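Structure file coords00.txt with compact mmCIF, C-alpha atoms:
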# COMPACT_ATOMS: atom_id res chain seq x y z
CA MET A 1 0.00 0.00 0.00
CA GLU A 2 1.39 3.28 -1.05
CA ALA A 3 2.00 5.93 1.57
CA PRO A 4 -0.36 8.91 1.38
CA PRO A 5 1.11 11.93 -0.33
CA PRO A 6 2.54 14.56 2.00
CA PRO A 7 0.21 17.42 2.81
CA PRO A 8 0.66 20.42 0.57
CA ARG A 9 2.96 23.05 1.93
CA PRO A 10 1.18 26.25 2.90
CA LEU A 11 1.63 29.04 0.46
CA ALA A 12 4.08 31.69 1.55
CA ILE A 13 2.47 35.01 2.36
CA PRO A 14 3.83 37.70 0.07
CA ASP A 15 5.85 40.34 1.89
CA GLU A 16 3.52 43.12 0.87
CA LEU A 17 0.51 41.18 2.21
CA PHE A 18 1.82 40.50 5.70
CA GLU A 19 2.92 44.13 5.91
CA GLU A 20 -0.69 45.11 5.26
CA ILE A 21 -1.78 42.73 8.03
CA LEU A 22 0.70 44.18 10.52
CA LEU A 23 -0.39 47.71 9.66
CA ARG A 24 -3.92 46.84 10.75
CA LEU A 25 -3.05 45.65 14.23
CA PRO A 26 -4.95 47.67 16.88
CA PRO A 27 -3.35 51.14 16.94
CA ASP A 28 -4.37 51.64 20.59
CA ASP A 29 -2.25 48.63 21.62
CA PRO A 30 1.25 49.21 20.18
CA ALA A 31 2.53 46.22 22.15
CA CYS A 32 1.09 44.10 19.31
CA LEU A 33 3.91 45.39 17.09
CA HIS A 34 6.39 44.44 19.80
CA ARG A 35 5.15 40.83 19.69
CA ALA A 36 5.12 40.82 15.88
CA TYR A 37 8.76 41.91 15.93
CA LEU A 38 9.66 38.73 17.82
CA VAL A 39 8.02 36.32 15.37
CA CYS A 40 10.79 36.06 12.77
CA LYS A 41 13.58 38.03 11.10
CA ALA A 42 11.37 39.16 8.19
CA TRP A 43 8.71 40.58 10.50
CA SER A 44 11.29 42.26 12.73
CA HIS A 45 12.82 44.06 9.75
CA THR A 46 9.39 45.16 8.55
CA VAL A 47 8.18 46.48 11.92
CA SER A 48 11.41 48.41 12.55
CA SER A 49 11.68 49.94 9.08
CA LEU A 50 11.16 53.65 8.38
CA ARG A 51 8.73 52.79 5.57
CA PHE A 52 6.51 50.87 7.98
CA ARG A 53 6.49 53.72 10.49
CA ARG A 54 5.51 56.22 7.83
CA ARG A 55 2.66 54.01 6.65
CA LEU A 56 1.40 53.61 10.23
CA HIS A 57 0.95 57.37 10.45
CA GLU A 58 -0.64 57.57 7.00
CA LEU A 59 -3.15 54.82 7.80
CA HIS A 60 -4.09 55.66 11.39
CA GLY A 61 -3.34 59.38 11.59
CA THR A 62 -3.47 60.16 15.31
CA PRO A 63 -1.01 58.17 17.43
CA PRO A 64 -2.24 56.62 20.69
CA VAL A 65 -1.28 57.58 24.21
CA LEU A 66 1.17 54.97 25.51
CA GLY A 67 1.08 56.13 29.12
CA PHE A 68 2.46 58.91 31.26
CA LEU A 69 5.39 60.07 33.34
CA HIS A 70 4.83 61.44 36.83
CA ASN A 71 6.82 63.05 39.64
CA TRP A 72 5.36 61.14 42.55
CA GLU A 73 8.28 59.88 44.65
CA ASP A 74 7.14 56.36 45.49
CA ASP A 75 9.43 53.34 45.06
CA PHE A 76 6.42 51.05 44.52
CA ILE A 77 5.03 53.00 41.56
CA PRO A 78 6.90 52.86 38.21
CA ARG A 79 8.06 56.24 36.86
CA PHE A 80 6.30 55.48 33.58
CA ILE A 81 2.79 54.03 33.79
CA SER A 82 1.46 52.32 30.69
CA THR A 83 -2.18 52.96 29.72
CA THR A 84 -2.40 50.67 26.67
CA ALA A 85 -4.37 47.41 26.54
CA SER A 86 -1.13 45.44 27.01
CA SER A 87 1.05 47.17 29.58
CA PHE A 88 4.79 47.46 29.09
CA TYR A 89 7.79 48.93 30.89
CA LEU A 90 9.97 51.94 30.08
CA ALA A 91 13.22 52.56 31.97
CA ALA A 92 12.49 56.23 32.63
CA PRO A 93 14.99 58.49 34.44
CA ASP A 94 15.00 58.27 38.22
CA CYS A 95 12.26 60.24 39.97
CA LEU A 96 14.55 61.22 42.84
CA THR A 97 17.07 62.83 40.47
CA TRP A 98 14.99 64.21 37.60
CA ARG A 99 11.64 66.02 37.46
CA ALA A 100 9.58 65.39 34.30
CA ILE A 101 8.54 68.67 32.64
CA ASP A 102 7.41 67.99 29.07
CA CYS A 103 7.16 65.35 26.33
CA ARG A 104 6.64 66.03 22.63
CA HIS A 105 7.76 64.68 19.25
CA GLY A 106 9.40 61.58 20.71
CA ARG A 107 11.38 63.31 23.49
CA ALA A 108 10.79 63.90 27.19
CA LEU A 109 12.43 66.78 29.05
CA PHE A 110 13.57 66.72 32.69
CA PHE A 111 14.83 69.32 35.15
CA PRO A 112 17.21 68.33 37.95
CA GLU A 113 15.29 67.63 41.15
CA GLU A 114 17.84 69.47 43.28
CA PHE A 115 19.74 72.65 42.54
CA GLY A 116 23.33 73.00 43.70
CA ASP A 117 26.35 75.22 43.16
CA GLN A 118 27.64 73.18 40.24
CA GLU A 119 26.66 73.80 36.63
CA GLN A 120 23.12 72.58 36.01
CA GLU A 121 21.97 70.38 33.14
CA ILE A 122 18.67 69.54 31.48
CA LEU A 123 18.03 65.92 30.47
CA LEU A 124 16.44 64.87 27.17
CA TRP A 125 15.22 61.26 26.95
CA GLU A 126 13.66 59.38 24.03
CA PRO A 127 11.13 56.94 25.53
CA ILE A 128 11.09 54.69 22.47
CA THR A 129 14.83 54.36 21.81
CA GLY A 130 16.03 54.95 25.38
CA ALA A 131 18.61 57.48 24.14
CA GLN A 132 19.59 60.25 26.56
CA GLN A 133 21.24 63.60 26.02
CA ARG A 134 22.15 66.33 28.46
CA ILE A 135 22.30 70.00 27.57
CA PRO A 136 23.55 72.93 29.67
CA ALA A 137 20.80 74.61 31.61
CA PRO A 138 20.33 78.38 31.31
CA PRO A 139 21.62 80.38 34.29
CA ALA A 140 18.05 81.17 35.37
CA LEU A 141 17.38 77.50 36.17
CA CYS A 142 18.03 77.91 39.87
CA ASP A 143 14.60 77.35 41.40
CA ASN A 144 11.45 75.27 41.04
CA PHE A 145 9.25 77.99 39.53
CA SER A 146 10.36 77.85 35.88
CA THR A 147 9.21 75.57 33.09
CA ALA A 148 10.25 74.45 29.59
CA ALA A 149 9.03 72.75 26.43
CA VAL A 150 10.78 70.48 23.92
CA LEU A 151 9.94 70.21 20.21
CA CYS A 152 11.36 68.88 16.97
CA ALA A 153 13.38 71.39 14.94
CA ALA A 154 13.55 69.56 11.59
CA ASP A 155 12.09 71.59 8.71
CA GLY A 156 8.94 70.04 7.28
CA CYS A 157 9.04 67.11 9.68
CA ALA A 158 5.77 65.18 10.09
CA HIS A 159 7.09 63.90 13.46
CA ARG A 160 6.97 60.29 12.35
CA ASP A 161 10.67 59.48 12.64
CA CYS A 162 12.26 62.38 14.49
CA PHE A 163 14.16 60.14 16.90
CA GLY A 164 17.70 61.49 17.15
CA GLY A 165 16.95 64.51 14.96
CA PRO A 166 17.44 68.21 15.75
CA PHE A 167 15.37 69.72 18.53
CA ARG A 168 14.70 72.94 20.40
CA VAL A 169 14.02 73.63 24.07
CA VAL A 170 12.06 76.72 25.11
CA PHE A 171 12.78 77.85 28.68
CA LEU A 172 10.35 80.17 30.48
CA PHE A 173 10.84 81.83 33.86
CA ASP A 174 9.71 84.78 35.98
CA VAL A 175 11.66 87.26 38.12
CA LEU A 176 10.12 89.68 40.62
CA ILE A 177 11.92 92.97 39.90
CA ASP A 178 9.92 95.37 42.10
CA GLU A 179 8.27 93.93 45.19
CA ASP A 180 6.51 97.19 46.11
CA GLU A 181 4.98 97.59 42.66
CA GLU A 182 4.61 93.83 42.24
CA THR A 183 6.30 94.08 38.86
CA HIS A 184 7.45 90.85 37.25
CA LEU A 185 9.75 90.21 34.30
CA ILE A 186 8.73 87.10 32.38
CA SER A 187 11.45 85.86 30.05
CA ALA A 188 12.01 83.10 27.53
CA SER A 189 15.00 81.67 25.66
CA ILE A 190 15.47 78.92 23.05
CA TYR A 191 18.16 76.24 23.00
CA SER A 192 19.04 74.77 19.59
CA SER A 193 20.64 71.35 19.31
CA GLN A 194 22.08 72.45 15.96
CA THR A 195 24.07 75.32 17.49
CA GLY A 196 24.46 73.80 20.97
CA ALA A 197 23.72 77.14 22.59
CA TRP A 198 20.94 79.21 24.13
CA GLY A 199 19.63 82.24 22.28
CA GLU A 200 19.08 85.72 23.65
CA LEU A 201 16.38 86.36 26.21
CA THR A 202 13.01 87.79 25.24
CA SER A 203 11.20 89.50 28.13
CA VAL A 204 7.93 91.20 28.91
CA HIS A 205 6.95 93.21 32.00
CA SER A 206 3.87 92.38 34.01
CA ASN A 207 2.46 94.29 36.96
CA ILE A 208 -0.71 92.24 37.23
CA ASP A 209 -1.22 90.54 40.56
CA PHE A 210 -1.04 87.06 39.10
CA SER A 211 0.81 83.95 40.15
CA SER A 212 4.03 83.74 38.14
CA GLU A 213 5.08 80.23 39.07
CA PHE A 214 5.03 77.45 36.47
CA THR A 215 5.20 74.24 38.50
CA GLU A 216 1.84 72.54 37.91
CA SER A 217 0.89 73.31 34.31
CA TYR A 218 2.17 72.19 30.92
CA SER A 219 2.74 73.69 27.47
CA VAL A 220 0.71 73.36 24.26
CA LEU A 221 2.09 73.82 20.73
CA VAL A 222 -0.19 75.38 18.10
CA ASP A 223 0.51 75.25 14.34
CA ARG A 224 4.16 74.32 15.00
CA SER A 225 4.81 78.01 15.53
CA VAL A 226 3.35 79.21 18.84
CA LEU A 227 3.82 77.77 22.32
CA TYR A 228 1.41 78.44 25.17
CA PHE A 229 2.15 78.14 28.88
CA MET A 230 -0.11 78.77 31.84
CA SER A 231 0.94 79.88 35.30
CA ASP A 232 -0.16 78.15 38.48
CA GLY A 233 -3.34 79.16 40.29
CA ASN A 234 -7.07 79.31 39.67
CA ALA A 235 -9.13 81.49 37.33
CA ASN A 236 -8.59 84.53 39.54
CA SER A 237 -4.80 84.34 39.71
CA ALA A 238 -3.44 82.46 36.67
CA PHE A 239 -2.58 83.77 33.20
CA VAL A 240 -1.49 82.43 29.80
CA VAL A 241 1.87 83.14 28.15
CA GLU A 242 2.02 83.06 24.34
CA TYR A 243 5.48 82.62 22.81
CA ASP A 244 5.97 82.98 19.05
CA LEU A 245 8.79 80.67 17.94
CA ALA A 246 9.56 82.76 14.84
CA SER A 247 9.47 86.32 16.19
CA HIS A 248 10.27 85.37 19.83
CA ASP A 249 7.51 87.72 20.96
CA LEU A 250 5.93 87.13 24.38
CA THR A 251 2.27 87.99 25.02
CA LEU A 252 0.32 87.66 28.27
CA PHE A 253 -3.44 87.37 28.64
CA GLY A 254 -5.89 86.31 31.32
CA LEU A 255 -8.39 83.47 31.50
CA PRO A 256 -12.17 83.57 30.91
CA ASP A 257 -13.97 85.82 33.40
CA THR A 258 -16.40 83.52 35.17
CA TYR A 259 -18.07 83.50 38.53
CA TYR A 260 -16.32 80.26 39.42
CA GLY A 261 -12.70 80.25 40.56
CA HIS A 262 -11.97 76.68 39.50
CA ALA A 263 -8.66 75.94 37.79
CA TYR A 264 -8.24 75.93 34.03
CA SER A 265 -5.98 73.78 31.85
CA LEU A 266 -4.67 74.35 28.32
CA VAL A 267 -6.04 72.26 25.43
CA LEU A 268 -6.45 72.40 21.66
CA VAL A 269 -9.86 73.10 20.11
CA GLU A 270 -11.34 71.52 16.98
CA ASP A 271 -9.61 73.80 14.46
CA GLY A 272 -6.23 73.41 16.17
CA GLY A 273 -6.34 76.73 18.01
CA ILE A 274 -5.67 77.27 21.69
CA GLY A 275 -8.34 76.67 24.29
CA VAL A 276 -8.75 76.05 28.00
CA ILE A 277 -10.85 73.49 29.81
CA GLN A 278 -12.54 74.25 33.11
CA CYS A 279 -13.52 71.55 35.61
CA LEU A 280 -16.86 72.48 37.15
CA ASP A 281 -18.58 69.90 39.36
CA LYS A 282 -19.85 67.23 36.94
CA HIS A 283 -19.08 69.21 33.80
CA LEU A 284 -16.10 70.21 31.71
CA LYS A 285 -16.39 73.58 29.98
CA LEU A 286 -14.22 74.08 26.90
CA TRP A 287 -13.36 77.69 26.02
CA ARG A 288 -11.64 78.82 22.84
CA ARG A 289 -9.46 81.89 22.32
CA GLU A 290 -10.63 84.04 19.45
CA ALA A 291 -8.10 85.59 17.07
CA SER A 292 -8.97 89.15 18.05
CA ALA A 293 -7.95 90.29 21.51
CA GLU A 294 -11.30 92.13 21.88
CA ALA A 295 -13.30 88.92 21.45
CA GLY A 296 -11.25 87.11 24.07
CA TRP A 297 -12.60 83.75 25.23
CA VAL A 298 -15.77 82.14 23.87
CA LEU A 299 -17.50 79.12 25.39
CA ASN A 300 -17.10 76.35 22.83
CA ARG A 301 -18.84 73.31 24.37
CA VAL A 302 -19.85 71.67 27.64
CA MET A 303 -19.18 67.99 28.40
CA CYS A 304 -21.26 66.19 31.03
CA LEU A 305 -19.07 63.70 32.90
CA GLU A 306 -21.77 61.97 34.92
CA ASN A 307 -22.78 60.05 31.78
CA PHE A 308 -19.36 58.38 31.63
CA ILE A 309 -17.85 57.91 35.09
CA PRO A 310 -19.21 56.59 38.43
CA MET A 311 -21.23 58.93 40.62
CA ASN A 312 -18.84 58.40 43.55
CA ALA A 313 -16.13 60.08 41.45
CA PHE A 314 -17.72 63.47 42.17
CA PHE A 315 -17.28 63.44 45.95
CA HIS A 316 -14.34 65.80 45.42
CA ARG A 317 -13.42 68.20 42.64
CA VAL A 318 -12.39 66.69 39.32
CA GLN A 319 -8.91 67.88 38.32
CA VAL A 320 -7.23 67.91 34.89
CA LEU A 321 -3.64 66.68 35.29
CA GLY A 322 -2.25 66.56 31.76
CA PHE A 323 -2.95 66.95 28.06
CA ALA A 324 -1.60 64.82 25.21
CA GLU A 325 -1.70 67.37 22.38
CA GLU A 326 -0.63 64.92 19.65
CA ALA A 327 -3.61 62.67 20.50
CA ASN A 328 -5.97 65.44 21.77
CA VAL A 329 -6.57 63.55 25.03
CA ILE A 330 -6.81 64.96 28.54
CA PHE A 331 -6.11 63.12 31.80
CA PHE A 332 -8.34 63.96 34.76
CA ASN A 333 -8.25 62.75 38.32
CA THR A 334 -11.20 61.77 40.53
CA VAL A 335 -11.64 59.87 43.78
CA ALA A 336 -12.59 56.88 41.61
CA GLY A 337 -9.25 56.91 39.78
CA LEU A 338 -7.52 58.44 36.78
CA PHE A 339 -9.47 58.79 33.51
CA THR A 340 -8.78 59.97 29.97
CA ILE A 341 -11.16 61.66 27.60
CA GLU A 342 -10.71 62.09 23.85
CA LEU A 343 -11.84 65.64 23.21
CA ARG A 344 -12.81 64.98 19.60
CA SER A 345 -14.96 61.88 20.18
CA GLY A 346 -15.83 62.36 23.85
CA HIS A 347 -14.73 58.79 24.62
CA VAL A 348 -13.90 58.33 28.33
CA ARG A 349 -11.72 55.53 29.71
CA LYS A 350 -10.40 54.67 33.16
CA VAL A 351 -6.65 54.10 32.94
CA CYS A 352 -5.43 53.88 36.53
CA SER A 353 -6.83 53.30 40.03
CA ASP A 354 -4.19 55.42 41.77
CA ARG A 355 -5.40 58.96 42.48
CA GLY A 356 -2.43 60.53 44.23
CA PHE A 357 -0.92 62.21 41.15
CA CYS A 358 -0.66 66.01 41.16
CA SER A 359 0.42 66.32 37.53
CA LEU A 360 1.58 64.04 34.74
CA ILE A 361 3.32 64.11 31.35
CA PRO A 362 1.62 61.97 28.65
CA VAL A 363 3.77 59.93 26.22
CA VAL A 364 2.32 59.57 22.70
CA SER A 365 3.63 57.27 19.95
CA PHE A 366 2.70 54.46 17.58
CA TYR A 367 5.76 52.53 18.73
CA THR A 368 6.86 50.74 21.85
CA PRO A 369 10.57 50.03 22.44
CA LEU A 370 11.75 47.12 20.31
CA PRO A 371 14.16 44.52 21.73
CA ARG A 372 17.83 45.33 21.28
CA GLY A 373 20.41 42.92 20.01
CA LYS A 374 19.95 40.18 17.42
CA HIS A 375 16.84 39.82 15.33
CA PRO A 376 14.72 36.67 15.72
CA ASN A 377 15.69 33.66 13.64
What does the file become when written as structure tokens?
Amino acid sequence: MEAPPPPPRPLAIPDELFEEILLRLPPDDPACLHRAYLVCKAWSHTVSSLRFRRRLHELHGTPPVLGFLHNWEDDFIPRFISTTASSFYLAAPDCLTWRAIDCRHGRALFFPEEFGDQEQEILLWEPITGAQQRIPAPPALCDNFSTAAVLCAADGCAHRDCFGGPFRVVFLFDVLIDEDEETHLISASIYSSQTGAWGELTSVHSNIDFSSEFTESYSVLVDRSVLYFMSDGNANSAFVVEYDLASHDLTLFGLPDTYYGHAYSLVLVEDGGIGVIQCLDKHLKLWRREASAEAGWVLNRVMCLENFIPMNAFFHRVQVLGFAEEANVIFFNTVAGLFTIELRSGHVRKVCSDRGFCSLIPVVSFYTPLPRGKHPN
């Protein structure tokens, strides 16, 4: 009796077909690409290629939020907390040594946690590649009341592959120059990785009785050309700083005049302009800044939170802790835990049970760190 013929060998999947399959893995769970990388050498080369990264952005558009950095000094809580469906670990800089300030275009920026007599440095860290770079801090970095922002400096960059590319750091600080008159001098300077030096200071006087500390808020980039910062405090004491990256002009303006003194947080509105969000009991009010100074702030929309989160979350005030501008997602804290809300869709999701965070720095990317060393066989 003749032996049965061997089963037919499965047809090989064409390279272009399995690339299309990998491109359609869930974009909100980038760890899927990490697992695909480990399957075989062909898949690892595809997932790590520049072509594949570009196509990911073209197909999915908005990158997901991978997680966030925080400054809570607790040995039992990782410095980076993943918020994706499959959690993963990032070896972020030590919380006792470095204070997370900003993250944008594939880089996170840290100030030293302690200030001494020696020359200070600012740390730049790429969460995806793990690469670190230190730059000299400006002389004004001598207290905890300044802030900074990091952004890609490559001309025409779509921020798909700007790992290791040129970057800029904008440093903002305040000096009280006349205590009797309560006059402040708010200044900004730009560091360029291409020149390796800080530029000249741009300053503006302010004699408004506002808080001029920048320890709790974050920056927002609009149209790749204007950065916005907001000082600490509530609606009665905080203000917004507008910094034009081309002209280096500084402009100050107040927040919406409302009866309520609740805190505001910077966000982007639908057309990409600057806005602020106000936490008010069970609602979030979104205000937009009109182009003309006379028009000022206009109420854009109101979001009712009680339709999305448990009622026990409202025992204490809801607080916005961070904003992921590249994904248009805010993080807000309640007694029921930490939640995110996509401002475009209104989708709300609980991401963490811990509620002790005072502020956080979101990390946004299509990619998770790929294993180093040899490719799979």
Please produce, as CSV, a per-residue contact table for range 123-183 of chain A versus range 189-208 of chain A (criterion: any atom at most 6 Å away, all atoms listed in the file considered), showing the nearest atom pair and its distance in Å to one decimal, sorted by chain then residue number.
residue,atom,partner,partner_atom,distance
A:Pro166,CA,A:Ser193,CA,5.7
A:Phe167,CA,A:Ser193,CA,5.6
A:Arg168,CA,A:Ser192,CA,4.8
A:Val169,CA,A:Tyr191,CA,5.0
A:Val170,CA,A:Ile190,CA,4.6
A:Phe171,CA,A:Ser189,CA,5.4
A:Glu182,CA,A:Asn207,CA,5.7
A:Thr183,CA,A:Asn207,CA,4.3
Checklist entry - In Å, how far is it from CA of Ile122 in chain A to CA of Ser217 in chain A? => result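 Value for the CA of Ile122 in chain A-CA of Ser217 in chain A distance: 18.4 Å.
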Next on the checklist: I'd like the neighbourhood of Ile21 in chain A as a list in words, where a residue qualifies if any of its atoms comes within 12 Å (using all atoms listed in the file), though same-chain residues fewer than 3 positions away should be ignored.
Outcome noted: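 Skipping anything fewer than 3 positions along the chain leaves Ile13, Pro14, Asp15, Glu16, Leu17, Phe18, Arg24, Leu25, Pro26, Cys32, Leu33, Ala36, Trp43, Thr46, Val47, Phe52 and Leu56 of chain A.
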Item to check | Nearby residues, (29.8, 72.6, 30.5) file frame, 12 Å, all atoms listed in the file, as a PyMOL selection string | outcome: chain A and resi 118-122+134-139+196-197
Checklist entry - With all atoms listed in the file as the atoms that count, which of A:Trp98, A:Phe308, A:Phe332, A:Phe110 lies nearest to Val348 in chain A? => result A:Phe308
Checklist entry - Taking only C-alpha atoms into account, which of A:Lys41, A:His34, A:His248, A:Arg53 comes nearest Phe163 in chain A? => result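 Among the listed residues, the smallest separation from Phe163 in chain A belongs to A:Arg53.
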Next on the checklist: Counting all atoms listed in the file, which residue out of A:Cys304, A:Ala12, A:Leu50, A:Ala291 sits closest to Gly346 in chain A?
Outcome noted: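 Between A:Cys304, A:Ala12, A:Leu50, A:Ala291, the residue approaching Gly346 in chain A most closely is A:Cys304.
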Next on the checklist: List as a list of chain:residue names the residues having at least one atom at most 10 Å from position (11.0, 82.9, 31.1) as given in the file, counting only C-alpha atoms.
Outcome noted: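 Checking each residue against the 10 Å limit leaves A:Ala140, A:Leu141, A:Phe145, A:Ser146, A:Thr147, A:Ala148, A:Val170, A:Phe171, A:Leu172, A:Phe173, A:Asp174, A:Val175, A:Leu185, A:Ile186, A:Ser187, A:Ala188, A:Ser189, A:Leu201, A:Thr202, A:Ser203, A:Val204, A:Ser212, A:Phe214, A:Val241, A:Tyr243, A:Leu250.
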Next on the checklist: Residues within 10 Å of Trp125 in chain A, please, as a PyMOL selection string. Count all atoms listed in the file; anything in the same chain fewer than 4 positions from it doesn't count.
Outcome noted: chain A and resi 92-93+103+106-110+129-134
Item to check | Point-to-point distance from CA of Val276 in chain A to CA of Asp354 in chain A, Å rounded to tenths | outcome: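 Separating CA of Val276 in chain A from CA of Asp354 in chain A is a distance of 25.2 Å.
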Checklist entry - From the set A:Val150, A:Ser359, A:Leu299, A:Ser237, which residue has the shortest atom-to-atom contact distance to Arg99 in chain A, counting all atoms listed in the file? => result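 Smallest separation from Arg99 in chain A among the options: A:Ser359.
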